[in-house]
$ cat query_1.txt   # compact mmCIF, C-alpha atoms
# COMPACT_ATOMS: atom_id res chain seq x y z
CA MET A 281 28.59 103.09 -60.81
CA LEU A 282 28.02 100.58 -63.57
CA LYS A 283 31.59 99.68 -63.56
CA LEU A 284 31.47 99.27 -59.91
CA SER A 285 28.32 97.27 -59.96
CA ARG A 286 29.62 95.09 -62.75
CA GLY A 287 32.71 94.60 -60.73
CA VAL A 288 30.59 93.68 -57.75
CA ASN A 289 28.44 91.45 -59.90
CA GLN A 290 31.45 89.77 -61.30
CA ARG A 291 32.70 89.37 -57.86
CA LEU A 292 29.33 88.17 -56.76
CA LEU A 293 29.16 85.87 -59.69
CA HIS A 294 32.52 84.59 -58.92
CA CYS A 295 31.57 84.22 -55.43
CA GLY A 296 28.38 82.49 -56.48
CA VAL A 297 30.22 80.03 -58.60
CA THR A 298 32.64 79.30 -55.89
CA VAL A 299 29.79 78.78 -53.50
CA GLN A 300 27.93 76.58 -55.96
CA LEU A 301 31.03 74.63 -56.66
CA ARG A 302 31.60 74.16 -53.02
CA ALA A 303 28.03 73.11 -52.51
CA THR A 304 28.29 70.54 -55.26
CA ARG A 305 31.39 69.23 -53.78
CA ILE A 306 29.69 68.91 -50.40
CA SER A 307 26.62 67.25 -51.85
CA GLY A 308 28.84 64.96 -53.83
CA ASN A 309 30.66 63.97 -50.67
CA GLY A 310 27.37 63.47 -48.85
CA ALA A 311 25.98 61.27 -51.58
CA ASN A 312 29.10 59.17 -51.53
CA LEU A 313 28.87 58.82 -47.78
CA LEU A 314 25.22 57.77 -47.90
CA ALA A 315 25.93 55.39 -50.70
CA GLN A 316 28.66 53.81 -48.63
CA ARG A 317 26.15 53.22 -45.87
CA GLY A 318 23.99 51.33 -48.29
CA PHE A 319 20.98 53.53 -48.43
CA PHE A 320 21.05 54.32 -52.05
CA SER A 321 23.50 51.89 -53.43
CA GLY A 322 22.73 48.74 -55.41
CA THR A 323 23.42 46.58 -52.36
CA GLY A 324 20.57 48.34 -50.53
CA LEU A 325 17.77 46.42 -48.85
CA TRP A 326 14.89 47.01 -51.12
CA GLN A 327 16.81 45.85 -54.05
CA ALA A 328 17.67 42.47 -52.48
CA ASN A 329 14.22 41.08 -53.17
CA GLY A 330 13.18 43.70 -55.49
CA LYS A 331 10.50 44.60 -52.95
CA LYS A 332 9.98 47.48 -50.66
CA PRO A 333 10.86 46.41 -47.15
CA LEU A 334 9.12 49.18 -45.28
CA SER A 335 6.06 47.14 -44.29
CA ARG A 336 8.27 44.53 -42.68
CA VAL A 337 11.12 46.41 -41.16
CA PRO A 338 10.24 48.65 -38.27
CA VAL A 339 12.23 51.81 -38.11
CA GLY A 340 15.40 51.00 -36.27
CA GLY A 341 14.49 47.27 -36.25
CA THR A 342 16.78 44.44 -37.17
CA PRO A 343 16.48 43.47 -40.77
CA ILE A 344 14.94 40.04 -41.36
CA LYS A 345 17.36 37.62 -42.90
CA ASP A 346 16.77 34.38 -44.75
CA HIS A 347 14.39 35.92 -47.24
CA GLY A 348 11.77 36.76 -44.67
CA LYS A 349 11.38 33.20 -43.29
CA VAL A 350 10.57 32.69 -39.62
CA ARG A 351 13.75 31.87 -37.84
CA GLU A 352 13.93 28.46 -36.14
CA GLY A 353 14.74 28.13 -32.46
CA SER A 354 12.31 30.84 -31.52
CA ILE A 355 10.74 29.56 -28.27
CA GLU A 356 7.17 30.69 -28.87
CA PHE A 357 6.81 28.66 -32.03
CA SER A 358 8.32 25.28 -30.96
CA THR A 359 5.05 23.73 -29.67
CA GLY A 360 6.15 20.12 -30.07
CA LYS A 361 9.08 20.54 -27.74
CA ALA A 362 6.97 22.57 -25.34
CA ILE A 363 4.35 19.83 -25.08
CA ALA A 364 7.01 17.19 -24.48
CA LEU A 365 8.65 19.34 -21.83
CA PHE A 366 5.30 20.05 -20.18
CA LEU A 367 4.40 16.36 -20.09
CA ALA A 368 7.78 15.30 -18.75
CA VAL A 369 7.95 17.91 -16.02
CA GLY A 370 4.26 17.68 -15.14
CA GLY A 371 4.34 13.89 -15.08
CA ALA A 372 7.43 13.79 -12.90
CA LEU A 373 5.96 16.30 -10.48
CA SER A 374 2.60 14.63 -10.23
CA TYR A 375 4.26 11.23 -9.68
CA PHE A 376 6.48 12.69 -6.99
CA PHE A 377 3.67 14.46 -5.16
CA ASN A 378 1.30 11.52 -5.37
CA ARG A 379 3.96 9.22 -3.97
CA GLU A 380 4.83 11.67 -1.21
CA LYS A 381 1.16 12.18 -0.41
CA ARG A 382 0.62 8.45 -0.03
CA ARG A 383 3.75 8.07 2.06
CA LEU A 384 2.79 10.92 4.35
CA GLU A 385 -0.73 9.54 4.70
CA THR A 386 0.57 6.13 5.71
CA GLN A 387 3.00 7.76 8.09
CA LYS A 388 0.19 9.83 9.56
CA GLU A 389 -1.90 6.70 10.02
CA ALA A 390 1.00 5.00 11.78
CA ASP A 391 1.57 8.11 13.87
CA ALA A 392 -2.09 8.17 14.82
CA ASN A 393 -1.85 4.53 15.89
CA ARG A 394 1.36 5.32 17.71
CA GLY A 395 -0.80 7.60 19.81
CA TYR A 396 1.85 10.29 20.14
CA GLY A 397 3.93 8.65 22.80
CA ARG A 398 1.26 6.67 24.55
CA PRO A 399 0.84 3.29 22.92
CA SER A 400 -2.77 2.32 22.55
CA LEU A 401 -1.76 -1.32 22.13
CA GLY A 402 1.12 -3.33 23.42
CA GLY A 403 3.31 -2.82 26.44
CA PRO A 404 5.37 -4.86 28.83
CA PHE A 405 4.77 -8.60 28.89
CA HIS A 406 6.69 -11.64 29.96
CA LEU A 407 6.45 -14.91 28.09
CA GLU A 408 8.59 -17.86 27.15
CA ASP A 409 9.33 -18.94 23.62
CA MET A 410 9.02 -22.50 22.40
CA ASN A 411 12.77 -23.03 22.77
CA GLY A 412 12.61 -22.22 26.46
CA ASN A 413 14.00 -18.67 26.25
CA GLU A 414 12.51 -15.69 27.95
CA PHE A 415 10.59 -13.37 25.65
CA THR A 416 9.50 -9.90 26.61
CA GLU A 417 8.46 -6.71 24.86
CA LYS A 418 12.20 -5.90 24.60
CA ASN A 419 12.58 -8.68 22.05
CA LEU A 420 10.38 -6.65 19.73
CA LEU A 421 12.96 -3.87 19.46
CA GLY A 422 15.10 -3.37 16.38
CA LYS A 423 12.89 -5.19 13.86
CA PHE A 424 9.36 -5.25 12.58
CA SER A 425 7.30 -7.95 14.22
CA ILE A 426 3.97 -9.46 13.34
CA LEU A 427 1.98 -10.98 16.18
CA TYR A 428 -0.79 -13.50 16.02
CA PHE A 429 -2.80 -14.78 18.92
CA GLY A 430 -4.24 -18.26 18.60
CA PHE A 431 -4.12 -21.77 19.93
CA SER A 432 -2.96 -25.07 18.53
CA ASN A 433 -6.36 -26.75 18.85
CA CYS A 434 -7.91 -24.10 16.62
CA PRO A 435 -10.22 -25.88 14.16
CA ASP A 436 -9.97 -23.94 10.93
CA ILE A 437 -9.31 -20.22 11.19
CA CYS A 438 -5.87 -20.20 12.82
CA PRO A 439 -4.32 -22.72 10.41
CA ASP A 440 -5.67 -20.75 7.46
CA GLU A 441 -4.38 -17.51 8.90
CA LEU A 442 -0.98 -19.01 9.67
CA ASP A 443 -0.74 -20.38 6.12
CA LYS A 444 -1.57 -16.89 4.89
CA LEU A 445 1.12 -15.47 7.16
CA GLY A 446 3.60 -17.91 5.61
CA VAL A 447 2.74 -16.61 2.13
CA TRP A 448 3.11 -13.02 3.35
CA LEU A 449 6.52 -13.73 4.89
CA ASN A 450 7.80 -15.44 1.75
CA THR A 451 6.56 -12.70 -0.56
CA LEU A 452 7.90 -9.98 1.71
CA SER A 453 11.38 -11.43 1.84
CA SER A 454 11.66 -12.56 -1.79
CA LYS A 455 10.01 -9.60 -3.47
CA TYR A 456 10.69 -6.71 -1.12
CA GLY A 457 13.60 -7.86 1.00
CA ILE A 458 11.60 -7.30 4.16
CA THR A 459 12.08 -9.69 7.05
CA LEU A 460 9.56 -9.65 9.85
CA GLN A 461 9.76 -11.39 13.20
CA PRO A 462 6.61 -13.51 13.20
CA LEU A 463 5.25 -14.48 16.61
CA PHE A 464 2.47 -16.84 17.55
CA ILE A 465 1.19 -16.22 21.04
CA THR A 466 -1.04 -18.91 22.44
CA CYS A 467 -4.26 -18.03 24.23
CA ASP A 468 -4.39 -21.54 25.60
CA PRO A 469 -1.38 -21.99 27.85
CA ALA A 470 -2.98 -24.91 29.68
CA ARG A 471 -2.57 -27.13 26.65
CA ASP A 472 -0.05 -25.28 24.50
CA SER A 473 3.24 -26.05 26.17
CA ALA A 474 6.49 -25.15 24.43
CA ALA A 475 6.69 -28.67 23.00
CA VAL A 476 3.13 -28.63 21.66
CA LEU A 477 3.72 -25.23 20.06
CA LYS A 478 6.91 -26.43 18.45
CA GLU A 479 5.18 -29.41 16.92
CA TYR A 480 2.22 -27.32 15.84
CA LEU A 481 4.27 -24.56 14.23
CA SER A 482 6.54 -26.99 12.40
CA ASP A 483 3.77 -27.23 9.80
CA PHE A 484 3.96 -23.53 9.06
CA HIS A 485 6.60 -21.00 8.10
CA PRO A 486 9.88 -21.97 9.82
CA SER A 487 10.53 -18.47 11.14
CA ILE A 488 7.33 -18.32 13.22
CA LEU A 489 8.22 -18.34 16.91
CA GLY A 490 5.68 -19.69 19.38
CA LEU A 491 5.23 -17.96 22.72
CA THR A 492 3.57 -19.33 25.80
CA GLY A 493 3.66 -18.82 29.57
CA THR A 494 1.60 -19.24 32.66
CA PHE A 495 -2.09 -18.48 32.41
CA ASP A 496 -1.60 -15.10 34.09
CA GLU A 497 1.35 -14.18 31.87
CA VAL A 498 -0.61 -15.03 28.75
CA LYS A 499 -3.66 -13.23 30.06
CA ASN A 500 -1.55 -10.14 30.70
CA ALA A 501 -0.03 -10.22 27.21
CA CYS A 502 -3.44 -10.66 25.62
CA LYS A 503 -4.83 -7.81 27.67
CA LYS A 504 -2.01 -5.54 26.55
CA TYR A 505 -2.98 -6.25 22.96
CA ARG A 506 -6.66 -6.10 23.73
CA VAL A 507 -7.07 -9.65 22.56
CA TYR A 508 -10.28 -11.10 23.84
CA PHE A 509 -10.15 -14.77 24.67
CA SER A 510 -12.13 -17.10 26.82
CA THR A 511 -10.29 -20.06 28.25
CA PRO A 512 -11.43 -21.43 31.53
CA PRO A 513 -8.51 -20.84 33.95
CA ASN A 514 -8.69 -24.32 35.47
CA VAL A 515 -9.06 -26.79 32.68
CA LYS A 516 -9.02 -30.39 33.75
CA PRO A 517 -6.54 -32.57 31.91
CA GLY A 518 -8.16 -34.24 28.95
CA GLN A 519 -10.95 -31.75 28.78
CA ASP A 520 -11.78 -30.80 25.24
CA TYR A 521 -12.61 -27.20 24.60
CA LEU A 522 -12.14 -24.42 22.10
CA VAL A 523 -10.82 -20.96 22.81
CA ASP A 524 -12.72 -18.00 21.54
CA HIS A 525 -10.33 -15.29 20.55
CA SER A 526 -9.94 -12.23 18.40
CA ILE A 527 -8.19 -12.89 15.13
CA PHE A 528 -5.92 -10.08 14.10
CA PHE A 529 -2.35 -9.77 13.01
CA TYR A 530 -0.60 -6.99 14.87
CA LEU A 531 2.20 -5.21 13.07
CA MET A 532 4.73 -3.73 15.49
CA ASP A 533 7.50 -1.34 14.48
CA PRO A 534 11.18 -1.61 15.51
CA GLU A 535 10.43 0.54 18.55
CA GLY A 536 8.04 -2.14 19.73
CA GLU A 537 5.07 0.09 19.12
CA PHE A 538 1.83 -0.87 17.49
CA VAL A 539 1.47 0.13 13.82
CA ASP A 540 -1.60 -1.60 12.45
CA ALA A 541 -3.96 -4.53 12.92
CA LEU A 542 -4.67 -6.73 9.92
CA GLY A 543 -7.87 -8.72 10.01
CA ARG A 544 -9.15 -11.55 7.87
CA ASN A 545 -10.17 -9.08 5.17
CA TYR A 546 -6.53 -8.88 4.08
CA ASP A 547 -5.74 -11.68 1.66
CA GLU A 548 -2.42 -12.99 0.45
CA LYS A 549 -1.82 -9.96 -1.77
CA THR A 550 -3.43 -7.02 0.00
CA GLY A 551 -1.83 -7.97 3.31
CA VAL A 552 1.63 -7.86 1.76
CA ASN A 553 0.91 -4.47 0.18
CA LYS A 554 -0.28 -3.07 3.49
CA ILE A 555 2.78 -4.31 5.36
CA VAL A 556 5.14 -3.02 2.65
CA GLU A 557 3.48 0.39 2.83
CA HIS A 558 3.98 0.52 6.57
CA VAL A 559 7.53 -0.74 6.52
CA LYS A 560 8.54 1.67 3.76
CA SER A 561 6.93 4.67 5.40
CA TYR A 562 8.45 3.86 8.77
CA VAL A 563 10.78 6.61 9.93
CA PRO A 564 12.96 6.23 13.04
CA ALA A 565 11.97 8.46 15.95
CA GLU A 566 14.80 10.97 15.52
CA GLN A 567 14.02 11.55 11.86
CA ARG A 568 10.27 11.54 12.38
CA ALA A 569 10.06 15.05 13.80
CA LYS A 570 12.22 16.46 11.01
CA GLN A 571 10.36 14.71 8.21
CA GLN A 572 7.01 15.89 9.42
CA LYS A 573 8.19 19.36 8.65
CA ALA A 574 9.07 18.72 5.01
CA TRP A 575 8.78 21.96 3.06
CA TYR A 576 5.98 20.58 0.88
CA SER A 577 4.01 18.98 3.71
CA PHE A 578 1.64 21.96 3.78
CA LEU A 579 0.29 20.67 0.48
CA PHE A 580 -1.19 17.60 2.08
CA LYS A 581 -2.84 19.16 5.08
CA MET B 1262 -1.31 -34.38 28.84
CA GLY B 1263 -3.78 -32.83 26.52
CA LEU B 1264 -5.36 -36.09 25.45
CA PHE B 1265 -8.99 -35.99 24.60
CA SER B 1266 -11.43 -38.60 25.63
CA PHE B 1267 -14.90 -38.62 24.27
CA ASP B 1268 -17.67 -41.08 23.59
CA GLY B 1269 -17.53 -42.09 27.20
CA GLY B 1270 -13.78 -42.66 27.11
CA LYS B 1271 -14.08 -45.37 24.48
CA LYS B 1272 -11.41 -43.75 22.40
CA GLU B 1273 -8.56 -41.44 23.20
CA SER B 1274 -7.48 -38.96 20.56
CA GLN B 1275 -4.35 -36.91 20.23
CA PRO B 1276 -4.98 -33.20 19.80
CA PRO B 1277 -5.10 -32.51 16.08
CA ASN B 1278 -1.78 -30.79 16.12
CA THR B 1279 -0.46 -31.53 12.67
CA ARG B 1280 -1.43 -30.54 9.18
CA SER B 1281 -2.15 -34.13 8.14
CA GLN B 1282 -4.44 -34.68 11.12
CA ARG B 1283 -6.31 -31.50 10.35
CA LYS B 1284 -6.62 -32.45 6.72
CA LEU B 1285 -8.00 -35.84 7.63
CA CYS B 1286 -10.55 -34.24 9.92
CA TRP B 1287 -11.59 -31.64 7.36
CA GLU B 1288 -12.00 -34.29 4.67
CA SER B 1289 -14.19 -36.50 6.82
CA ARG B 1290 -16.16 -33.40 7.81
CA ASP B 1291 -16.74 -32.49 4.18
CA ALA B 1292 -17.83 -36.04 3.38
CA PHE B 1293 -20.24 -36.03 6.31
CA PHE B 1294 -21.68 -32.64 5.33
CA ARG B 1295 -22.13 -33.74 1.72
CA CYS B 1296 -24.12 -36.67 3.01
CA LEU B 1297 -26.20 -34.33 5.17
CA ASP B 1298 -26.89 -32.20 2.10
CA LYS B 1299 -28.18 -35.28 0.30
CA ALA B 1300 -30.31 -36.25 3.27
CA ASP B 1301 -31.57 -32.66 3.45
CA VAL B 1302 -30.41 -32.21 7.01
CA LEU B 1303 -29.10 -28.86 8.12
CA ASP B 1304 -28.61 -29.07 11.86
CA ALA B 1305 -26.82 -32.26 12.83
CA MET B 1306 -27.11 -31.32 16.50
CA ASP B 1307 -30.88 -31.29 16.39
CA PRO B 1308 -32.11 -34.54 18.04
CA LYS B 1309 -34.96 -34.63 15.50
CA ASN B 1310 -32.43 -35.38 12.80
CA SER B 1311 -30.52 -38.09 14.64
CA LYS B 1312 -32.64 -40.89 13.13
CA VAL B 1313 -32.11 -39.68 9.57
CA ILE B 1314 -28.39 -39.30 10.16
CA SER B 1315 -27.94 -42.77 11.63
CA ALA B 1316 -30.00 -44.19 8.80
CA GLN B 1317 -28.34 -42.42 5.88
CA CYS B 1318 -24.93 -41.09 6.99
CA LYS B 1319 -23.77 -43.58 9.59
CA THR B 1320 -20.42 -44.40 8.01
CA GLU B 1321 -19.62 -40.75 7.32
CA ASN B 1322 -20.59 -39.74 10.82
CA ASP B 1323 -18.46 -42.46 12.37
CA LYS B 1324 -15.47 -41.37 10.35
CA PHE B 1325 -16.05 -37.75 11.26
CA VAL B 1326 -16.13 -38.65 14.96
CA GLU B 1327 -13.06 -40.82 14.57
CA ASN B 1328 -10.94 -38.20 12.84
CA CYS B 1329 -11.94 -35.04 14.69
CA ALA B 1330 -11.81 -33.91 18.28
CA HIS B 1331 -15.09 -33.58 20.08
CA SER B 1332 -14.83 -29.79 20.34
CA TRP B 1333 -14.16 -29.52 16.63
CA ILE B 1334 -17.18 -31.65 15.74
CA LYS B 1335 -19.41 -29.43 17.83
CA TYR B 1336 -17.82 -26.34 16.31
CA PHE B 1337 -18.18 -27.53 12.72
CA LYS B 1338 -21.80 -28.62 13.22
CA GLU B 1339 -22.68 -25.24 14.70
CA LYS B 1340 -20.73 -23.46 12.00
CA ARG B 1341 -22.67 -25.31 9.30
CA VAL B 1342 -25.93 -23.89 10.59
CA ILE B 1343 -24.52 -20.40 11.06
CA ASP B 1344 -22.94 -20.37 7.60
CA PHE B 1345 -26.19 -21.55 6.02
CA LYS B 1346 -28.20 -18.86 7.78
CA ARG B 1347 -25.68 -16.23 6.83
CA GLU B 1348 -25.82 -17.21 3.18
CA GLU B 1349 -29.61 -17.16 3.29
CA THR B 1350 -29.54 -13.66 4.75
CA ILE B 1351 -27.08 -12.45 2.14
CA LYS B 1352 -29.24 -13.93 -0.62
CA LYS B 1353 -32.32 -12.29 0.84
CA ILE B 1354 -30.63 -8.89 1.03
CA GLU B 1355 -29.37 -9.21 -2.52
CA GLN B 1356 -32.83 -10.14 -3.79
CA GLU B 1357 -34.37 -7.22 -1.97
CA ALA B 1358 -31.81 -4.89 -3.47
CA LYS B 1359 -32.56 -6.26 -6.94
CA GLN B 1360 -36.30 -5.81 -6.47
CA ARG B 1361 -35.79 -2.28 -5.28
CA GLU B 1362 -33.74 -1.56 -8.40
CA GLN B 1363 -36.46 -3.00 -10.61
CA ASN B 1364 -39.15 -0.95 -8.88
CA GLN B 1365 -37.29 2.25 -9.32
$ encode --input "query_1.txt" --output "structure tokens"
Amino acid sequence: MLKLSRGVNQRLLHCGVTVQLRATRISGNGANLLAQRGFFSGTGLWQANGKKPLSRVPVGGTPIKDHGKVREGSIEFSTGKAIALFLAVGGALSYFFNREKRRLETQKEADANRGYGRPSLGGPFHLEDMNGNEFTEKNLLGKFSILYFGFSNCPDICPDELDKLGVWLNTLSSKYGITLQPLFITCDPARDSAAVLKEYLSDFHPSILGLTGTFDEVKNACKKYRVYFSTPPNVKPGQDYLVDHSIFFYLMDPEGEFVDALGRNYDEKTGVNKIVEHVKSYVPAEQRAKQQKAWYSFLFK
Amino acid sequence: MGLFSFDGGKKESQPPNTRSQRKLCWESRDAFFRCLDKADVLDAMDPKNSKVISAQCKTENDKFVENCAHSWIKYFKEKRVIDFKREETIKKIEQEAKQREQNQ
């Protein structure tokens, strides 16, 4: 029994040793493996700074490099660049939308004056220019025209206005490259023959074309533009009189349609600005319908 | 032919169709009106003032008549009165506005 048990014990002991030896070998292997992964070795994290990293490294998180400094290039911390970007983009957008708003407003104003197909001002007329050529509403097509109604015997307002028109025309062509067709329509056909008009207008801008006609023709043209004037129809030769008349410049677009009336309140600068606005915002008929439906137009309603 | 006759046909005047003619007329008008200011006359059309004008501004008046068409003379004389009244009204309104501001 003893012998047997000793034998078993020995065997057990032997077994035990073998098992222990095996276990040591396994644990030794495991330690080596873990050491290779850097958990316990001298190249491990906590020994890099000599600090414990657990408060900074979340489990499974990426280790912070560069000795714990905040990395550059992180978007949430580059405020300077963000402000610059915000200003650039915001500024560009606000400039664009302000410009578009103004353009659409001017276009709307012109459209309103255009009366959606039915011109509120203008229409067919038949006159003769100071060079003896026929001049009708068809001569307004294809270019912007500016019309002024007056008479050569006008004491002070017409000459001032025509001088102002000359300044407008010069500024428009030199500064903005805009050429208008300026027309002077007399309200006093009894005295303002083609020759008189030619002499009278020679003092003003050379491109101004004088228009005259018979009393009825002139009356018709004035009526179309709602110009009030009071000339007696049968003036005796040599009779001295003045003609009362409305004093407006009429801006007509290349379709021969009324755009705007400019009164005496527009001076040499503001008149130019107004005309430039209208000319720049003018859109040919075919494009007009399309442009009105710009994707951002809802913003300005 | 568009010639003007005034002063009983004593003198015929071309229509003031050129810049130089207009300038001449405007200058003689200004001279005449300056004289009227000195003589304290507002309405040159008023027959009450005709004696004062012929006494104090005869040369200016003659020049004015010589250099301007009849219709222009009438127009400028009327305009002088209208402009004066308009300025008076504007002054009055401005003064009233100032007083109202002070009262408030």
$ closest_residue --input "query_1.txt" --among "A:Val563, A:Ala364, A:Ile465, A:Leu542" --to "A:Phe415" --atoms "all atoms listed in the file"
A:Ile465
$ closest_residue --input "query_1.txt" --among "A:Asn500, A:Phe405, A:Phe529, A:Ala475" --to "A:Pro462" --atoms "all atoms listed in the file"
A:Phe529
$ residues_near_point --input "query_1.txt" --point "(-26.3, -27.0, 8.8)" --cutoff "9 Å" --atoms "all atoms listed in the file" --output "number ranges by chain"
B: 1294, 1297-1298, 1302-1306, 1338-1346
$ interface_residues --input "query_1.txt" --of "chain A" --to "chain B" --cutoff "6 Å" --atoms "only C-alpha atoms" --output "ChimeraX atom specification"
/A:435,471,480,518,520-521
$ atom_distance --input "query_1.txt" --atom1 "atom CA of A:Asp443" --atom2 "atom CA of A:Phe424"
19.3 Å
$ residues_around --input "query_1.txt" --residues "B:Ser1289" --least-positions-apart "2" --cutoff "9 Å" --atoms "only C-alpha atoms" --output "PDB file with C-alpha atoms, in the coordinates of the input"
ATOM      1  CA  LYS B1284      -6.620 -32.450   6.720  1.00  0.00           C
ATOM      2  CA  LEU B1285      -8.000 -35.840   7.630  1.00  0.00           C
ATOM      3  CA  CYS B1286     -10.550 -34.240   9.920  1.00  0.00           C
ATOM      4  CA  TRP B1287     -11.590 -31.640   7.360  1.00  0.00           C
ATOM      5  CA  ASP B1291     -16.740 -32.490   4.180  1.00  0.00           C
ATOM      6  CA  ALA B1292     -17.830 -36.040   3.380  1.00  0.00           C
ATOM      7  CA  PHE B1293     -20.240 -36.030   6.310  1.00  0.00           C
ATOM      8  CA  PHE B1294     -21.680 -32.640   5.330  1.00  0.00           C
ATOM      9  CA  GLU B1321     -19.620 -40.750   7.320  1.00  0.00           C
ATOM     10  CA  ASN B1322     -20.590 -39.740  10.820  1.00  0.00           C
ATOM     11  CA  LYS B1324     -15.470 -41.370  10.350  1.00  0.00           C
ATOM     12  CA  PHE B1325     -16.050 -37.750  11.260  1.00  0.00           C
ATOM     13  CA  VAL B1326     -16.130 -38.650  14.960  1.00  0.00           C
ATOM     14  CA  GLU B1327     -13.060 -40.820  14.570  1.00  0.00           C
ATOM     15  CA  ASN B1328     -10.940 -38.200  12.840  1.00  0.00           C
ATOM     16  CA  CYS B1329     -11.940 -35.040  14.690  1.00  0.00           C
TER      17      CYS B1329
END
$ residues_around --input "query_1.txt" --residues "A:Ala541" --least-positions-apart "2" --cutoff "9 Å" --atoms "all atoms listed in the file" --output "PDB file with C-alpha atoms, in the frame of the given file"
ATOM      1  CA  PHE A 528      -5.920 -10.080  14.100  1.00  0.00           C
ATOM      2  CA  PHE A 529      -2.350  -9.770  13.010  1.00  0.00           C
ATOM      3  CA  TYR A 530      -0.600  -6.990  14.870  1.00  0.00           C
ATOM      4  CA  LEU A 531       2.200  -5.210  13.070  1.00  0.00           C
ATOM      5  CA  PHE A 538       1.830  -0.870  17.490  1.00  0.00           C
ATOM      6  CA  VAL A 539       1.470   0.130  13.820  1.00  0.00           C
ATOM      7  CA  GLY A 543      -7.870  -8.720  10.010  1.00  0.00           C
TER       8      GLY A 543
END
$ atom_distance --input "query_1.txt" --atom1 "atom CA of A:Tyr428" --atom2 "atom CA of A:Gly412"
19.1 Å
